[in-house]
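J.: As input, take query_20.cif (mmCIF, N, CA and C atoms):
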data_work
#
loop_
_atom_site.label_atom_id
_atom_site.label_comp_id
_atom_site.auth_asym_id
_atom_site.auth_seq_id
_atom_site.Cartn_x
_atom_site.Cartn_y
_atom_site.Cartn_z
N MET H 50 0.84 -1.17 0.00
CA MET H 50 0.00 0.00 0.00
C MET H 50 0.89 1.25 0.00
N LEU H 51 0.58 2.19 -0.85
CA LEU H 51 1.36 3.43 -0.97
C LEU H 51 0.85 4.44 0.04
N GLN H 52 1.77 4.99 0.82
CA GLN H 52 1.43 6.07 1.74
C GLN H 52 2.14 7.31 1.28
N VAL H 53 1.50 8.43 1.43
CA VAL H 53 2.10 9.69 1.04
C VAL H 53 2.49 10.46 2.31
N VAL H 54 3.69 11.00 2.31
CA VAL H 54 4.14 11.82 3.43
C VAL H 54 3.32 13.10 3.39
N SER H 55 2.66 13.43 4.51
CA SER H 55 1.77 14.58 4.52
C SER H 55 2.52 15.89 4.27
N ASN H 56 3.71 16.02 4.81
CA ASN H 56 4.51 17.22 4.58
C ASN H 56 5.97 16.79 4.53
N PRO H 57 6.45 16.40 3.36
CA PRO H 57 7.81 15.87 3.29
C PRO H 57 8.87 16.89 3.70
N VAL H 58 8.67 18.16 3.42
CA VAL H 58 9.69 19.16 3.77
C VAL H 58 9.89 19.21 5.27
N ASP H 59 8.81 19.30 6.03
CA ASP H 59 8.94 19.35 7.49
C ASP H 59 9.51 18.04 8.04
N SER H 60 9.07 16.92 7.47
CA SER H 60 9.55 15.62 7.93
C SER H 60 11.04 15.44 7.61
N ILE H 61 11.49 15.90 6.44
CA ILE H 61 12.91 15.84 6.08
C ILE H 61 13.71 16.74 7.00
N LEU H 62 13.21 17.95 7.24
CA LEU H 62 13.89 18.88 8.15
C LEU H 62 14.07 18.26 9.53
N LYS H 63 13.03 17.64 10.04
CA LYS H 63 13.10 16.99 11.35
C LYS H 63 14.17 15.89 11.35
N LEU H 64 14.18 15.05 10.32
CA LEU H 64 15.17 13.98 10.23
C LEU H 64 16.59 14.53 10.19
N VAL H 65 16.82 15.52 9.35
CA VAL H 65 18.17 16.11 9.24
C VAL H 65 18.60 16.70 10.57
N ARG H 66 17.73 17.43 11.22
CA ARG H 66 18.08 18.03 12.52
C ARG H 66 18.37 16.97 13.58
N GLU H 67 17.65 15.85 13.52
CA GLU H 67 17.85 14.77 14.50
C GLU H 67 19.11 13.95 14.23
N ARG H 68 19.41 13.70 12.96
CA ARG H 68 20.43 12.71 12.61
C ARG H 68 21.76 13.25 12.14
N VAL H 69 21.82 14.52 11.79
CA VAL H 69 23.04 15.07 11.20
C VAL H 69 23.66 16.08 12.15
N SER H 70 24.93 15.90 12.42
CA SER H 70 25.66 16.85 13.25
C SER H 70 25.65 18.21 12.57
N THR H 71 25.52 19.27 13.36
CA THR H 71 25.54 20.61 12.76
C THR H 71 26.86 20.87 12.05
N ASP H 72 27.93 20.20 12.45
CA ASP H 72 29.21 20.33 11.75
C ASP H 72 29.15 19.75 10.34
N ASP H 73 28.26 18.79 10.12
CA ASP H 73 28.17 18.12 8.83
C ASP H 73 27.07 18.65 7.93
N ILE H 74 26.29 19.60 8.41
CA ILE H 74 25.29 20.20 7.53
C ILE H 74 26.01 21.22 6.67
N SER H 75 25.99 20.98 5.37
CA SER H 75 26.74 21.82 4.44
C SER H 75 26.42 23.29 4.63
N LEU H 76 25.19 23.57 4.89
CA LEU H 76 24.76 24.95 5.03
C LEU H 76 24.15 25.13 6.40
N SER H 77 24.69 25.99 7.18
CA SER H 77 24.17 26.22 8.53
C SER H 77 22.98 27.17 8.46
N PHE H 78 21.89 26.67 7.90
CA PHE H 78 20.68 27.46 7.75
C PHE H 78 19.83 27.39 9.00
N ASP H 79 19.05 28.45 9.24
CA ASP H 79 18.00 28.36 10.24
C ASP H 79 16.91 27.46 9.63
N ASP H 80 15.94 27.06 10.44
CA ASP H 80 14.95 26.09 9.97
C ASP H 80 14.17 26.58 8.75
N GLU H 81 13.78 27.84 8.70
CA GLU H 81 13.00 28.34 7.57
C GLU H 81 13.81 28.29 6.28
N THR H 82 15.07 28.69 6.34
CA THR H 82 15.92 28.66 5.14
C THR H 82 16.22 27.22 4.73
N LEU H 83 16.40 26.33 5.72
CA LEU H 83 16.63 24.92 5.40
C LEU H 83 15.40 24.32 4.74
N LYS H 84 14.20 24.71 5.16
CA LYS H 84 12.97 24.25 4.49
C LYS H 84 12.97 24.70 3.03
N GLN H 85 13.36 25.93 2.77
CA GLN H 85 13.40 26.44 1.40
C GLN H 85 14.45 25.67 0.59
N TYR H 86 15.57 25.37 1.21
CA TYR H 86 16.64 24.60 0.56
C TYR H 86 16.13 23.21 0.18
N ILE H 87 15.44 22.55 1.09
CA ILE H 87 14.88 21.23 0.83
C ILE H 87 13.85 21.31 -0.30
N ALA H 88 12.94 22.28 -0.24
CA ALA H 88 11.92 22.45 -1.28
C ALA H 88 12.58 22.73 -2.64
N TYR H 89 13.62 23.54 -2.65
CA TYR H 89 14.34 23.84 -3.88
C TYR H 89 14.86 22.55 -4.52
N HIS H 90 15.46 21.70 -3.71
CA HIS H 90 16.01 20.45 -4.25
C HIS H 90 14.92 19.46 -4.65
N ILE H 91 13.79 19.47 -3.98
CA ILE H 91 12.66 18.63 -4.41
C ILE H 91 12.20 19.09 -5.79
N ILE H 92 12.02 20.38 -5.97
CA ILE H 92 11.56 20.92 -7.24
C ILE H 92 12.53 20.58 -8.38
N HIS H 93 13.83 20.59 -8.10
CA HIS H 93 14.82 20.34 -9.14
C HIS H 93 15.18 18.86 -9.28
N GLY H 94 14.51 17.99 -8.55
CA GLY H 94 14.73 16.55 -8.70
C GLY H 94 16.04 16.07 -8.11
N ASN H 95 16.58 16.79 -7.14
CA ASN H 95 17.87 16.46 -6.53
C ASN H 95 17.73 15.73 -5.20
N ILE H 96 16.54 15.32 -4.86
CA ILE H 96 16.33 14.73 -3.54
C ILE H 96 15.44 13.50 -3.65
N ILE H 97 15.81 12.48 -2.89
CA ILE H 97 14.95 11.31 -2.73
C ILE H 97 14.80 11.07 -1.24
N TRP H 98 13.68 10.47 -0.86
CA TRP H 98 13.48 10.15 0.54
C TRP H 98 12.73 8.84 0.67
N THR H 99 12.85 8.27 1.84
CA THR H 99 12.14 7.04 2.18
C THR H 99 11.22 7.35 3.35
N GLN H 100 10.26 6.49 3.55
CA GLN H 100 9.39 6.63 4.71
C GLN H 100 9.07 5.27 5.27
N GLY H 101 8.68 5.25 6.54
CA GLY H 101 8.33 3.99 7.19
C GLY H 101 7.04 3.41 6.63
N GLN H 102 6.90 2.11 6.72
CA GLN H 102 5.70 1.46 6.20
C GLN H 102 4.46 1.81 7.00
N ASP H 103 4.61 2.04 8.29
CA ASP H 103 3.46 2.30 9.14
C ASP H 103 3.39 3.75 9.60
N SER H 104 4.09 4.63 8.90
CA SER H 104 4.17 6.02 9.33
C SER H 104 4.33 6.92 8.12
N ASP H 105 3.94 8.17 8.28
CA ASP H 105 4.19 9.11 7.20
C ASP H 105 5.46 9.91 7.46
N GLU H 106 6.25 9.50 8.43
CA GLU H 106 7.51 10.17 8.73
C GLU H 106 8.60 9.72 7.77
N VAL H 107 9.41 10.66 7.34
CA VAL H 107 10.54 10.36 6.48
C VAL H 107 11.60 9.61 7.31
N THR H 108 12.11 8.51 6.76
CA THR H 108 13.12 7.71 7.47
C THR H 108 14.51 7.85 6.87
N GLY H 109 14.57 8.41 5.67
CA GLY H 109 15.86 8.62 5.03
C GLY H 109 15.76 9.70 3.97
N VAL H 110 16.85 10.43 3.77
CA VAL H 110 16.87 11.48 2.76
C VAL H 110 18.26 11.56 2.13
N LEU H 111 18.27 11.79 0.83
CA LEU H 111 19.51 11.98 0.08
C LEU H 111 19.31 13.18 -0.83
N ILE H 112 20.19 14.18 -0.69
CA ILE H 112 20.22 15.33 -1.59
C ILE H 112 21.53 15.23 -2.35
N ALA H 113 21.43 15.07 -3.67
CA ALA H 113 22.63 14.93 -4.51
C ALA H 113 22.31 15.46 -5.90
N TYR H 114 23.34 16.02 -6.55
CA TYR H 114 23.14 16.55 -7.89
C TYR H 114 24.46 16.60 -8.64
N GLU H 115 24.32 16.62 -9.97
CA GLU H 115 25.49 16.73 -10.82
C GLU H 115 25.91 18.20 -10.92
N CYS H 116 27.22 18.42 -11.00
CA CYS H 116 27.77 19.76 -11.14
C CYS H 116 29.22 19.62 -11.59
N ASP H 117 29.91 20.72 -11.73
CA ASP H 117 31.35 20.69 -11.96
C ASP H 117 32.04 20.78 -10.61
N GLU H 118 33.26 20.29 -10.54
CA GLU H 118 33.98 20.29 -9.26
C GLU H 118 34.09 21.69 -8.68
N GLU H 119 34.28 22.69 -9.51
CA GLU H 119 34.37 24.06 -9.00
C GLU H 119 33.06 24.48 -8.34
N GLU H 120 31.93 24.06 -8.93
CA GLU H 120 30.63 24.36 -8.33
C GLU H 120 30.46 23.63 -7.00
N ALA H 121 30.99 22.43 -6.90
CA ALA H 121 30.92 21.68 -5.64
C ALA H 121 31.74 22.37 -4.55
N ARG H 122 32.81 23.04 -4.95
CA ARG H 122 33.69 23.70 -3.99
C ARG H 122 33.16 25.05 -3.51
N THR H 123 32.18 25.61 -4.18
CA THR H 123 31.68 26.93 -3.81
C THR H 123 30.41 26.80 -2.98
N PRO H 124 30.10 27.80 -2.19
CA PRO H 124 28.86 27.75 -1.41
C PRO H 124 27.63 27.67 -2.31
N PHE H 125 26.58 27.09 -1.78
CA PHE H 125 25.33 26.93 -2.51
C PHE H 125 24.82 28.30 -2.97
N ARG H 126 24.33 28.37 -4.25
CA ARG H 126 23.96 29.66 -4.84
C ARG H 126 22.50 29.78 -5.26
N TRP H 127 21.64 28.86 -5.02
CA TRP H 127 20.22 28.91 -5.36
C TRP H 127 19.99 28.96 -6.88
N VAL H 128 20.93 28.44 -7.65
CA VAL H 128 20.74 28.30 -9.10
C VAL H 128 21.19 26.89 -9.48
N GLU H 129 20.55 26.33 -10.49
CA GLU H 129 20.94 24.99 -10.94
C GLU H 129 22.38 25.02 -11.45
N PRO H 130 23.21 24.09 -11.03
CA PRO H 130 24.58 24.03 -11.54
C PRO H 130 24.60 23.86 -13.05
N SER H 131 25.61 24.42 -13.68
CA SER H 131 25.69 24.35 -15.13
C SER H 131 26.47 23.13 -15.63
N GLY H 132 27.33 22.57 -14.80
CA GLY H 132 28.16 21.45 -15.23
C GLY H 132 27.63 20.11 -14.79
N LYS H 133 28.25 19.06 -15.30
CA LYS H 133 27.84 17.70 -14.95
C LYS H 133 29.03 16.75 -14.91
N THR H 134 30.20 17.24 -14.50
CA THR H 134 31.39 16.38 -14.50
C THR H 134 31.55 15.59 -13.21
N CYS H 135 30.80 15.96 -12.16
CA CYS H 135 30.88 15.24 -10.90
C CYS H 135 29.52 15.23 -10.23
N ILE H 136 29.45 14.53 -9.11
CA ILE H 136 28.22 14.46 -8.32
C ILE H 136 28.55 15.01 -6.94
N TYR H 137 27.70 15.90 -6.46
CA TYR H 137 27.86 16.46 -5.12
C TYR H 137 26.77 15.89 -4.23
N VAL H 138 27.16 15.21 -3.17
CA VAL H 138 26.21 14.67 -2.20
C VAL H 138 26.08 15.70 -1.09
N ALA H 139 25.02 16.48 -1.16
CA ALA H 139 24.84 17.58 -0.22
C ALA H 139 24.42 17.08 1.17
N GLN H 140 23.60 16.02 1.20
CA GLN H 140 23.14 15.53 2.50
C GLN H 140 22.69 14.09 2.39
N LEU H 141 22.92 13.35 3.44
CA LEU H 141 22.45 11.98 3.56
C LEU H 141 22.13 11.75 5.03
N ALA H 142 20.93 11.29 5.28
CA ALA H 142 20.54 10.94 6.65
C ALA H 142 19.57 9.77 6.59
N ALA H 143 19.75 8.80 7.47
CA ALA H 143 18.86 7.64 7.50
C ALA H 143 18.67 7.18 8.94
N ARG H 144 17.45 6.79 9.26
CA ARG H 144 17.14 6.30 10.62
C ARG H 144 17.61 4.86 10.83
N ASP H 145 17.66 4.08 9.74
CA ASP H 145 17.98 2.67 9.89
C ASP H 145 18.61 2.13 8.61
N ALA H 146 19.03 0.87 8.66
CA ALA H 146 19.70 0.24 7.52
C ALA H 146 18.77 0.11 6.32
N ASP H 147 17.48 -0.14 6.54
CA ASP H 147 16.55 -0.25 5.41
C ASP H 147 16.47 1.06 4.64
N ALA H 148 16.36 2.16 5.35
CA ALA H 148 16.32 3.47 4.70
C ALA H 148 17.63 3.74 3.98
N ARG H 149 18.74 3.44 4.63
CA ARG H 149 20.06 3.67 4.02
C ARG H 149 20.21 2.86 2.74
N ASP H 150 19.81 1.61 2.77
CA ASP H 150 19.95 0.75 1.60
C ASP H 150 19.01 1.19 0.47
N THR H 151 17.83 1.63 0.81
CA THR H 151 16.91 2.14 -0.21
C THR H 151 17.46 3.40 -0.85
N LEU H 152 18.08 4.26 -0.05
CA LEU H 152 18.70 5.46 -0.60
C LEU H 152 19.88 5.09 -1.51
N ALA H 153 20.63 4.06 -1.13
CA ALA H 153 21.74 3.60 -1.98
C ALA H 153 21.21 3.13 -3.33
N GLN H 154 20.12 2.39 -3.31
CA GLN H 154 19.51 1.93 -4.55
C GLN H 154 19.00 3.12 -5.36
N GLY H 155 18.40 4.09 -4.71
CA GLY H 155 17.93 5.29 -5.38
C GLY H 155 19.06 6.10 -5.98
N TYR H 156 20.17 6.17 -5.26
CA TYR H 156 21.35 6.88 -5.76
C TYR H 156 21.83 6.26 -7.07
N LEU H 157 21.94 4.94 -7.10
CA LEU H 157 22.40 4.25 -8.31
C LEU H 157 21.40 4.41 -9.47
N HIS H 158 20.14 4.53 -9.14
CA HIS H 158 19.13 4.76 -10.17
C HIS H 158 19.25 6.19 -10.73
N LEU H 159 19.44 7.17 -9.85
CA LEU H 159 19.56 8.57 -10.29
C LEU H 159 20.85 8.83 -11.04
N PHE H 160 21.92 8.16 -10.62
CA PHE H 160 23.24 8.40 -11.20
C PHE H 160 23.85 7.06 -11.66
N PRO H 161 23.35 6.52 -12.75
CA PRO H 161 23.83 5.20 -13.19
C PRO H 161 25.28 5.21 -13.68
N THR H 162 25.78 6.37 -14.10
CA THR H 162 27.15 6.46 -14.58
C THR H 162 28.04 6.96 -13.46
N GLU H 163 29.07 6.19 -13.16
CA GLU H 163 29.99 6.57 -12.09
C GLU H 163 30.78 7.82 -12.49
N LYS H 164 30.83 8.78 -11.57
CA LYS H 164 31.58 10.02 -11.76
C LYS H 164 32.29 10.33 -10.45
N PRO H 165 33.28 11.23 -10.49
CA PRO H 165 33.87 11.68 -9.23
C PRO H 165 32.75 12.25 -8.34
N THR H 166 32.79 11.90 -7.08
CA THR H 166 31.74 12.31 -6.15
C THR H 166 32.36 13.02 -4.96
N PHE H 167 31.70 14.08 -4.51
CA PHE H 167 32.20 14.89 -3.40
C PHE H 167 31.09 15.14 -2.39
N ALA H 168 31.51 15.44 -1.18
CA ALA H 168 30.60 15.83 -0.11
C ALA H 168 31.35 16.81 0.79
N THR H 169 30.60 17.61 1.50
CA THR H 169 31.22 18.50 2.48
C THR H 169 31.01 17.86 3.85
N ARG H 170 32.10 17.58 4.51
CA ARG H 170 32.05 16.99 5.86
C ARG H 170 32.95 17.80 6.77
N ARG H 171 32.36 18.20 7.88
CA ARG H 171 33.06 19.04 8.86
C ARG H 171 33.68 20.27 8.20
N GLY H 172 32.92 20.84 7.27
CA GLY H 172 33.34 22.07 6.62
C GLY H 172 34.36 21.93 5.50
N THR H 173 34.73 20.70 5.14
CA THR H 173 35.74 20.47 4.11
C THR H 173 35.16 19.63 2.98
N LEU H 174 35.44 20.03 1.75
CA LEU H 174 35.03 19.23 0.60
C LEU H 174 35.92 17.99 0.53
N VAL H 175 35.29 16.82 0.51
CA VAL H 175 36.04 15.57 0.49
C VAL H 175 35.54 14.68 -0.64
N PRO H 176 36.45 13.94 -1.27
CA PRO H 176 36.01 12.97 -2.29
C PRO H 176 35.37 11.77 -1.60
N MET H 177 34.47 11.12 -2.30
CA MET H 177 33.86 9.91 -1.77
C MET H 177 33.59 8.97 -2.93
N ASN H 178 33.41 7.72 -2.62
CA ASN H 178 33.13 6.69 -3.63
C ASN H 178 31.68 6.25 -3.51
N ALA H 179 30.76 7.15 -3.83
CA ALA H 179 29.34 6.87 -3.61
C ALA H 179 28.84 5.67 -4.40
N HIS H 180 29.30 5.48 -5.64
CA HIS H 180 28.87 4.32 -6.41
C HIS H 180 29.36 3.02 -5.76
N LYS H 181 30.61 3.01 -5.37
CA LYS H 181 31.18 1.82 -4.74
C LYS H 181 30.48 1.52 -3.41
N ILE H 182 30.26 2.56 -2.61
CA ILE H 182 29.59 2.38 -1.32
C ILE H 182 28.18 1.85 -1.54
N SER H 183 27.44 2.47 -2.46
CA SER H 183 26.06 2.05 -2.72
C SER H 183 26.00 0.62 -3.23
N THR H 184 26.87 0.29 -4.16
CA THR H 184 26.91 -1.06 -4.72
C THR H 184 27.22 -2.09 -3.63
N GLU H 185 28.18 -1.78 -2.78
CA GLU H 185 28.56 -2.70 -1.71
C GLU H 185 27.43 -2.88 -0.70
N LEU H 186 26.74 -1.80 -0.35
CA LEU H 186 25.60 -1.91 0.58
C LEU H 186 24.53 -2.84 0.01
N LEU H 187 24.24 -2.68 -1.26
CA LEU H 187 23.22 -3.52 -1.89
C LEU H 187 23.67 -4.96 -2.05
N ARG H 188 24.96 -5.16 -2.33
CA ARG H 188 25.49 -6.52 -2.43
C ARG H 188 25.35 -7.22 -1.08
N LYS H 189 25.73 -6.54 0.00
CA LYS H 189 25.61 -7.13 1.33
C LYS H 189 24.17 -7.44 1.68
N ARG H 190 23.28 -6.54 1.32
CA ARG H 190 21.86 -6.74 1.60
C ARG H 190 21.34 -7.99 0.88
N GLU H 191 21.71 -8.13 -0.40
CA GLU H 191 21.28 -9.30 -1.18
C GLU H 191 21.87 -10.58 -0.61
N SER H 192 23.14 -10.54 -0.19
CA SER H 192 23.75 -11.75 0.35
C SER H 192 23.15 -12.14 1.70
N ASN H 193 22.52 -11.19 2.38
CA ASN H 193 21.83 -11.48 3.64
C ASN H 193 20.38 -11.90 3.43
N GLY H 194 19.97 -11.95 2.15
CA GLY H 194 18.63 -12.43 1.83
C GLY H 194 17.52 -11.43 2.05
N LYS H 195 17.83 -10.15 2.04
CA LYS H 195 16.77 -9.15 2.24
C LYS H 195 16.29 -8.59 0.93
#
Here is the file; what I need is its structure written in the form of structure tokens.

T.:
Amino acid sequence: MLQVVSNPVDSILKLVRERVSTDDISLSFDDETLKQYIAYHIIHGNIIWTQGQDSDEVTGVLIAYECDEEEARTPFRWVEPSGKTCIYVAQLAARDADARDTLAQGYLHLFPTEKPTFATRRGTLVPMNAHKISTELLRKRESNGK
């Protein structure tokens, strides 16, 4: 049965505030600006989320988009990036392994071609192997029979 999150922006905001260290939030926005940031990424197709089977609460969220490395290195500008040479993972938060694994599957669906991937962690842009991580999570899940 399909359930719809009654207000995904508020539910995503709550999850991010609960699960992500303020040091790891790329943008230290107040709640209202963070809501606008989340809505912006929903509108531009840069965000996926999961929800619990028995709840309308968001259980996982991934904000990621293609850009050029220089765009990944600069602060967020409220305009769609012009390049597509890399993937920037702006945020990832999950309540449990099921949400995390579903986001990994969604990531591979959104970005089927492996590209250099970056994220901002503790205020520093760092490279990451999002395709490899996602593939490995799904491989482990399948080998465990889930």

J.: Between H:Ser60, H:Glu191, H:Leu141, H:Ile92, which one has atoms that come closest to Glu106 in chain H, using only N, CA and C atoms?

T.: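 With only N, CA and C atoms as the atom set, the closest residue is H:Ser60.
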
J.: How would you write, as a ChimeraX atom specification, the set of residues in chain H that DSSP gives as strand (DSSP E)?

T.: /H:96-100,107-116,135-143,166-170,173-177

J.: So, counting only C-alpha atoms, which residue among H:Asp59, H:Glu81, H:Asp150, H:Glu185 is closest to Gly109 in chain H?

T.: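 Between H:Asp59, H:Glu81, H:Asp150, H:Glu185, the residue approaching Gly109 in chain H most closely is H:Asp150.
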
J.: Between H:Asp105, H:Arg149, H:Leu83, H:Thr134, which one has atoms that come closest to Glu118 in chain H, using all atoms listed in the file?

T.: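 Result for the nearest residue to Glu118 in chain H: H:Thr134.
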
J.: Please compute the CA of Leu111 in chain H-atom C of Gly155 in chain H distance, one decimal, in Å.

T.: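 Taking CA of Leu111 in chain H as the start and atom C of Gly155 in chain H as the end point, the length is 8.5 Å.
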
J.: Expressed in Å to a single decimal, how great is the separation between CA of Arg144 in chain H and CA of Thr108 in chain H?

T.: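 That distance, rounded to one decimal, is 5.3 Å.
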
J.: Pull out every residue that the PyMOL selection byres (((chain H and resi 124 and name CA) around 12) and name CA) matches in the shown coordinates and put them as a compact mmCIF listing (two decimals) with N, CA and C atoms, keeping the file's coordinate frame.

T.:
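For reference, out.txt as written:
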# COMPACT_ATOMS: atom_id res chain seq x y z
N SER H 75 25.99 20.98 5.37
CA SER H 75 26.74 21.82 4.44
C SER H 75 26.42 23.29 4.63
N LEU H 76 25.19 23.57 4.89
CA LEU H 76 24.76 24.95 5.03
C LEU H 76 24.15 25.13 6.40
N SER H 77 24.69 25.99 7.18
CA SER H 77 24.17 26.22 8.53
C SER H 77 22.98 27.17 8.46
N GLU H 118 33.26 20.29 -10.54
CA GLU H 118 33.98 20.29 -9.26
C GLU H 118 34.09 21.69 -8.68
N GLU H 119 34.28 22.69 -9.51
CA GLU H 119 34.37 24.06 -9.00
C GLU H 119 33.06 24.48 -8.34
N GLU H 120 31.93 24.06 -8.93
CA GLU H 120 30.63 24.36 -8.33
C GLU H 120 30.46 23.63 -7.00
N ALA H 121 30.99 22.43 -6.90
CA ALA H 121 30.92 21.68 -5.64
C ALA H 121 31.74 22.37 -4.55
N ARG H 122 32.81 23.04 -4.95
CA ARG H 122 33.69 23.70 -3.99
C ARG H 122 33.16 25.05 -3.51
N THR H 123 32.18 25.61 -4.18
CA THR H 123 31.68 26.93 -3.81
C THR H 123 30.41 26.80 -2.98
N PHE H 125 26.58 27.09 -1.78
CA PHE H 125 25.33 26.93 -2.51
C PHE H 125 24.82 28.30 -2.97
N ARG H 126 24.33 28.37 -4.25
CA ARG H 126 23.96 29.66 -4.84
C ARG H 126 22.50 29.78 -5.26
N TRP H 127 21.64 28.86 -5.02
CA TRP H 127 20.22 28.91 -5.36
C TRP H 127 19.99 28.96 -6.88
N VAL H 128 20.93 28.44 -7.65
CA VAL H 128 20.74 28.30 -9.10
C VAL H 128 21.19 26.89 -9.48
N PRO H 130 23.21 24.09 -11.03
CA PRO H 130 24.58 24.03 -11.54
C PRO H 130 24.60 23.86 -13.05
N TYR H 137 27.70 15.90 -6.46
CA TYR H 137 27.86 16.46 -5.12
C TYR H 137 26.77 15.89 -4.23
N ALA H 139 25.02 16.48 -1.16
CA ALA H 139 24.84 17.58 -0.22
C ALA H 139 24.42 17.08 1.17
N THR H 169 30.60 17.61 1.50
CA THR H 169 31.22 18.50 2.48
C THR H 169 31.01 17.86 3.85
N GLY H 172 32.92 20.84 7.27
CA GLY H 172 33.34 22.07 6.62
C GLY H 172 34.36 21.93 5.50
N THR H 173 34.73 20.70 5.14
CA THR H 173 35.74 20.47 4.11
C THR H 173 35.16 19.63 2.98
N LEU H 174 35.44 20.03 1.75
CA LEU H 174 35.03 19.23 0.60
C LEU H 174 35.92 17.99 0.53

J.: Please list as a PyMOL selection string every residue within 8 Å of Lys63 in chain H, counting all atoms listed in the file and excluding residues in the same chain fewer than 6 positions away.

T.: chain H and resi 57+69+107

J.: Could you write out as a ChimeraX atom specification the residues that the PyMOL selection byres ((chain H and resi 180) around 8) matches in the shown file?

T.: /H:156-157,160,162-164,166,177-179,181-186

J.: For a test of reading the model, state the distance in Å between atom N of His90 in chain H and CA of Pro165 in chain H, rounded to one decimal.

T.: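 Pair atom N of His90 in chain H / CA of Pro165 in chain H returns 21.7 Å.
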
J.: Which one of H:Ser192, H:Leu152, H:Glu129, H:Leu64 sits closest to His93 in chain H if you count all atoms listed in the file?

T.: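 Nearest candidate to His93 in chain H out of H:Ser192, H:Leu152, H:Glu129, H:Leu64: H:Glu129.
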
J.: Between H:Ala153, H:Gln85, H:Ile96, H:Ile112, single out the one closest to Leu187 in chain H, counting only C-alpha atoms.

T.: H:Ala153

J.: Go ahead and find all residues with at least one atom no further than 6 Å from (32.1, 21.3, -15.0) in the file's coordinates, using only N, CA and C atoms; report them as an NGL selection string.

T.: :H and (116-118 or 131-134)

J.: Deliver the residues from the most recent selection as a file, using N, CA and C atoms, as a tab-separated table (two decimals), in the frame of the given file.

T.:
chain	number	residue	atom	x	y	z
H	116	CYS	N	27.22	18.42	-11.00
H	116	CYS	CA	27.77	19.76	-11.14
H	116	CYS	C	29.22	19.62	-11.59
H	117	ASP	N	29.91	20.72	-11.73
H	117	ASP	CA	31.35	20.69	-11.96
H	117	ASP	C	32.04	20.78	-10.61
H	118	GLU	N	33.26	20.29	-10.54
H	118	GLU	CA	33.98	20.29	-9.26
H	118	GLU	C	34.09	21.69	-8.68
H	131	SER	N	25.61	24.42	-13.68
H	131	SER	CA	25.69	24.35	-15.13
H	131	SER	C	26.47	23.13	-15.63
H	132	GLY	N	27.33	22.57	-14.80
H	132	GLY	CA	28.16	21.45	-15.23
H	132	GLY	C	27.63	20.11	-14.79
H	133	LYS	N	28.25	19.06	-15.30
H	133	LYS	CA	27.84	17.70	-14.95
H	133	LYS	C	29.03	16.75	-14.91
H	134	THR	N	30.20	17.24	-14.50
H	134	THR	CA	31.39	16.38	-14.50
H	134	THR	C	31.55	15.59	-13.21

J.: Any chance you could work out the residue set of the PyMOL selection byres (((chain H and resi 114 and name CA) around 6) and name CA) here, as a list in words?

T.: Asn95, Ala113, Glu115, Ile136 and Tyr137 of chain H
